[in-house]
Amino acid sequence: MKEYIERILHQNVQIIPYKEIDRLPLTFRGGYSLSRMIIGGQEVLLAVPAERIPLSDLRKQHRQMEAYSGLTCVLYLKNMNYYARDKMIEEGIPFVWEGHQIYLPFLGALLDDNPRQAIPVCGQISFLTQKLLLTALYQGWKHVTVTKAAEILGVSKMSITRCFDELEAMNIPYLTIRNRARNFSADQDKRNMWEIIRPILRTPVIRTYLLKEEPGIVLPMAGTMALAHFSMLDEERCPIYAFTKKELPKMNVSSENWVPAGEDPGCIVQELGYYIYFQDGKAVDPLTAALSLTEEELTDPRISIAVDEMLEKHVW
């Protein structure tokens, strides 16, 4: 630890035991290895977590350690991800990420030991992460690991790792650490989980096509047609179907099949960013159906009542 910091900063540091441990709550005494570090003429508290801690807890505990000790707190982390790194830099939290980076804003230092291309800040949830959240809600996941989640969703473990990084950066409270590995446990109250995650979810609809003729392949119902399938809402006069990118080559969505402005379409097809097989597969899942509705549609009392009915009957 001392050697790594000195090698990156090219200056001597002094690390001595922190003897005022009684000033801190029991949580920090057992959860961290604490030392005083003298660096650049300043004395700081160096805190090394005993095990990996979720970002939301780490940020809160960092503030508390500074308040109790009266010292600037530097976190020494061996396991971290780039989303967490960006968040901590954004909030000015000093850290040493062993083998990767040192960020000491009180010294004006931001140094890379293992530079890598910066990851763009996540402006909105990815479709795969949204699919993971909704699948976890439906299935009531308990302690699902990266490997298990990859198996359930049929993707690589690296893809799930990125989803977990994204959820951790967004402070979604369903990730826990067990034996130094992250896992996902859904809220057993599905309605409560929906209310918590709803603000970060996005419409699954990438684009909508108004076609003269139906696509010629079997597709699940979507939009208000799916809503009618799951509720007492009257059936749509114009059928609405969903497809994903993998079905695109089989679809007749060329401009020749588009409906001219002012004419009624033969059908509407929506390209979705993901698909979750639900019940008999005749329609997209209820939560995705609800997310695909426009604000204008939701202002219709018939539709908003049907959404409540659908979720009450098929999700909660």
# chains A, B, ... in the order shown; residues from 1 in each chain; ligands from 1
call {"tool": "residues_around", "arguments": {"residues": "Thr147 (chain A)", "least_positions_apart": "3", "cutoff": "9 Å", "atoms": "only C-alpha atoms", "output": "PyMOL selection string"}}
result
chain A and resi 144+150-152+156-157+160
call {"tool": "atom_distance", "arguments": {"atom1": "CA of Gln101 (chain A)", "atom2": "CA of Thr27 (chain A)"}}
result
26.9 Å
call {"tool": "residues_around", "arguments": {"residues": "Glu168 (chain A)", "least_positions_apart": "2", "cutoff": "12 Å", "atoms": "only C-alpha atoms", "output": "PyMOL selection string"}}
result
chain A and resi 53-59+80-87+122+125+129+161-166+170-177+182-184
call {"tool": "closest_residue", "arguments": {"among": "A:Thr244, A:Gln139, A:Thr299, A:Ser255", "to": "Phe127 (chain A)", "atoms": "only C-alpha atoms"}}
result
A:Thr244
call {"tool": "closest_residue", "arguments": {"among": "A:Ala67, A:Ala50, A:Val96, A:Leu287", "to": "Arg23 (chain A)", "atoms": "only C-alpha atoms"}}
result
A:Ala67
call {"tool": "closest_atom_pairs", "arguments": {"of": "region 150-265 of chain A", "to": "region 305-311 of chain A", "cutoff": "12 Å", "atoms": "only C-alpha atoms", "output": "CSV"}}
result
residue,atom,partner,partner_atom,distance
A:Lys190,CA,A:Leu311,CA,10.2
A:Arg191,CA,A:Leu311,CA,8.9
A:Trp194,CA,A:Leu311,CA,10.4
A:Gly223,CA,A:Val307,CA,11.0
A:Thr224,CA,A:Ala306,CA,9.5
A:Met225,CA,A:Ala306,CA,11.4
A:Ala226,CA,A:Met310,CA,9.8
A:Leu227,CA,A:Val307,CA,6.9
A:Ala228,CA,A:Ala306,CA,7.7
A:His229,CA,A:Met310,CA,9.0
A:Phe230,CA,A:Met310,CA,5.5
A:Ser231,CA,A:Met310,CA,5.3
A:Met232,CA,A:Ala306,CA,6.8
A:Leu233,CA,A:Ala306,CA,6.0
A:Asp234,CA,A:Ala306,CA,9.7
A:Glu235,CA,A:Ala306,CA,11.8
call {"tool": "residues_around", "arguments": {"residues": "Met65 (chain A)", "least_positions_apart": "4", "cutoff": "12 Å", "atoms": "only C-alpha atoms", "output": "VMD selection string"}}
result
chain A and resid 20 to 21 23 to 29 31 to 32 34 44 to 48 58 to 61 69 to 75
call {"tool": "closest_atom_pairs", "arguments": {"of": "region 134-195 of chain A", "to": "region 260-281 of chain A", "cutoff": "10 Å", "atoms": "only C-alpha atoms", "output": "CSV"}}
result
residue,atom,partner,partner_atom,distance
A:Leu134,CA,A:Ile276,CA,8.5
A:Thr135,CA,A:Ile276,CA,7.4
A:Tyr138,CA,A:Phe278,CA,9.4
A:Leu153,CA,A:Ile276,CA,9.3
call {"tool": "closest_residue", "arguments": {"among": "A:Pro17, A:Pro199, A:Pro215, A:Gly30", "to": "Gln124 (chain A)", "atoms": "only C-alpha atoms"}}
result
A:Pro199
call {"tool": "select_by_dssp", "arguments": {"residues": "region 173-305 of chain A", "states": "strand (DSSP E)", "output": "JSON, numbers by chain"}}
result
{"A": [175, 176, 177, 178, 181, 182, 183, 184, 205, 206, 207, 208, 209, 210, 211, 240, 241, 242, 243, 267, 268, 269, 270, 271, 272]}
call {"tool": "atom_distance", "arguments": {"atom1": "CA of Asn12 (chain A)", "atom2": "CA of His100 (chain A)"}}
result
19.2 Å
call {"tool": "closest_residue", "arguments": {"among": "A:Gly216, A:Gly92, A:Pro301, A:Pro204", "to": "Ser126 (chain A)", "atoms": "only C-alpha atoms"}}
result
A:Pro204
call {"tool": "atom_distance", "arguments": {"atom1": "CA of Ile196 (chain A)", "atom2": "CA of Met221 (chain A)"}}
result
27.0 Å
call {"tool": "closest_residue", "arguments": {"among": "A:Arg7, A:Gly154, A:Ala149, A:Met1", "to": "Glu98 (chain A)", "atoms": "only C-alpha atoms"}}
result
A:Met1
call {"tool": "closest_residue", "arguments": {"among": "A:Met193, A:Glu297, A:Pro286, A:Leu133", "to": "Lys313 (chain A)", "atoms": "only C-alpha atoms"}}
result
A:Pro286
call {"tool": "select_by_dssp", "arguments": {"residues": "region 46-144 of chain A", "states": "alpha helix (DSSP H)", "output": "ChimeraX atom specification"}}
result
/A:55-69,82-91,127-139
call {"tool": "decode", "arguments": {"residues": "region 30-44 of chain A", "atoms": "all heavy atoms", "output": "compact mmCIF listing (two decimals), in the first residue's frame"}}
result
# COMPACT_ATOMS: atom_id res chain seq x y z
N GLY A 30 -14.85 -2.36 12.79
CA GLY A 30 -14.73 -3.70 12.24
C GLY A 30 -14.75 -3.74 10.73
O GLY A 30 -14.27 -4.70 10.13
N GLY A 31 -15.30 -2.69 10.11
CA GLY A 31 -15.45 -2.71 8.67
C GLY A 31 -14.29 -2.13 7.90
O GLY A 31 -14.21 -2.29 6.67
N TYR A 32 -13.36 -1.45 8.60
CA TYR A 32 -12.24 -0.79 7.92
C TYR A 32 -10.95 -0.98 8.71
O TYR A 32 -10.96 -1.08 9.94
CB TYR A 32 -12.48 0.72 7.79
CG TYR A 32 -13.58 1.11 6.84
CD1 TYR A 32 -14.90 1.14 7.26
CD2 TYR A 32 -13.29 1.48 5.53
CE1 TYR A 32 -15.92 1.52 6.39
CE2 TYR A 32 -14.31 1.87 4.66
CZ TYR A 32 -15.61 1.88 5.10
OH TYR A 32 -16.61 2.26 4.24
N SER A 33 -9.85 -1.01 7.98
CA SER A 33 -8.53 -0.89 8.58
C SER A 33 -8.13 0.58 8.46
O SER A 33 -8.06 1.11 7.35
CB SER A 33 -7.51 -1.78 7.86
OG SER A 33 -6.21 -1.55 8.35
N LEU A 34 -7.91 1.25 9.60
CA LEU A 34 -7.72 2.70 9.60
C LEU A 34 -6.29 3.07 9.98
O LEU A 34 -5.71 2.50 10.91
CB LEU A 34 -8.71 3.35 10.57
CG LEU A 34 -10.19 3.12 10.25
CD1 LEU A 34 -11.07 3.63 11.38
CD2 LEU A 34 -10.57 3.77 8.93
N SER A 35 -5.75 4.05 9.27
CA SER A 35 -4.40 4.54 9.54
C SER A 35 -4.38 6.05 9.34
O SER A 35 -5.24 6.63 8.67
CB SER A 35 -3.37 3.91 8.60
OG SER A 35 -3.42 2.50 8.65
N ARG A 36 -3.38 6.68 9.95
CA ARG A 36 -3.09 8.08 9.65
C ARG A 36 -2.04 8.11 8.55
O ARG A 36 -1.05 7.39 8.63
CB ARG A 36 -2.57 8.82 10.88
CG ARG A 36 -3.63 9.13 11.94
CD ARG A 36 -3.02 9.91 13.09
NE ARG A 36 -4.01 10.24 14.09
CZ ARG A 36 -4.73 11.36 14.11
NH1 ARG A 36 -4.53 12.26 13.14
NH2 ARG A 36 -5.60 11.60 15.06
N MET A 37 -2.24 8.94 7.55
CA MET A 37 -1.26 9.05 6.47
C MET A 37 -0.85 10.51 6.36
O MET A 37 -1.70 11.41 6.26
CB MET A 37 -1.85 8.56 5.14
CG MET A 37 -0.87 8.67 3.97
SD MET A 37 -1.45 7.83 2.46
CE MET A 37 -2.83 8.90 1.98
N ILE A 38 0.44 10.73 6.39
CA ILE A 38 0.97 12.08 6.21
C ILE A 38 1.54 12.16 4.79
O ILE A 38 2.45 11.42 4.41
CB ILE A 38 2.08 12.38 7.24
CG1 ILE A 38 1.51 12.25 8.66
CG2 ILE A 38 2.64 13.78 7.01
CD1 ILE A 38 2.55 12.40 9.75
N ILE A 39 0.96 13.05 4.00
CA ILE A 39 1.30 13.14 2.59
C ILE A 39 1.25 14.59 2.15
O ILE A 39 0.30 15.31 2.46
CB ILE A 39 0.34 12.27 1.74
CG1 ILE A 39 0.70 12.31 0.27
CG2 ILE A 39 -1.10 12.68 1.94
CD1 ILE A 39 -0.07 11.30 -0.57
N GLY A 40 2.31 15.05 1.49
CA GLY A 40 2.35 16.43 1.02
C GLY A 40 2.19 17.43 2.14
O GLY A 40 1.62 18.51 1.94
N GLY A 41 2.67 17.08 3.33
CA GLY A 41 2.57 17.98 4.47
C GLY A 41 1.20 17.98 5.13
O GLY A 41 0.96 18.76 6.07
N GLN A 42 0.30 17.12 4.68
CA GLN A 42 -1.04 17.05 5.27
C GLN A 42 -1.27 15.69 5.91
O GLN A 42 -0.77 14.67 5.44
CB GLN A 42 -2.11 17.29 4.20
CG GLN A 42 -2.05 18.67 3.57
CD GLN A 42 -3.28 18.96 2.74
OE1 GLN A 42 -4.40 18.73 3.17
NE2 GLN A 42 -3.08 19.50 1.54
N GLU A 43 -2.05 15.69 7.00
CA GLU A 43 -2.39 14.46 7.69
C GLU A 43 -3.83 14.09 7.35
O GLU A 43 -4.75 14.90 7.48
CB GLU A 43 -2.24 14.64 9.20
CG GLU A 43 -2.48 13.35 9.98
CD GLU A 43 -2.18 13.53 11.46
OE1 GLU A 43 -1.43 14.46 11.81
OE2 GLU A 43 -2.71 12.73 12.27
N VAL A 44 -4.04 12.86 6.90
CA VAL A 44 -5.36 12.40 6.50
C VAL A 44 -5.64 11.04 7.11
O VAL A 44 -4.73 10.37 7.62
CB VAL A 44 -5.49 12.31 4.96
CG1 VAL A 44 -5.26 13.67 4.31
CG2 VAL A 44 -4.53 11.27 4.38
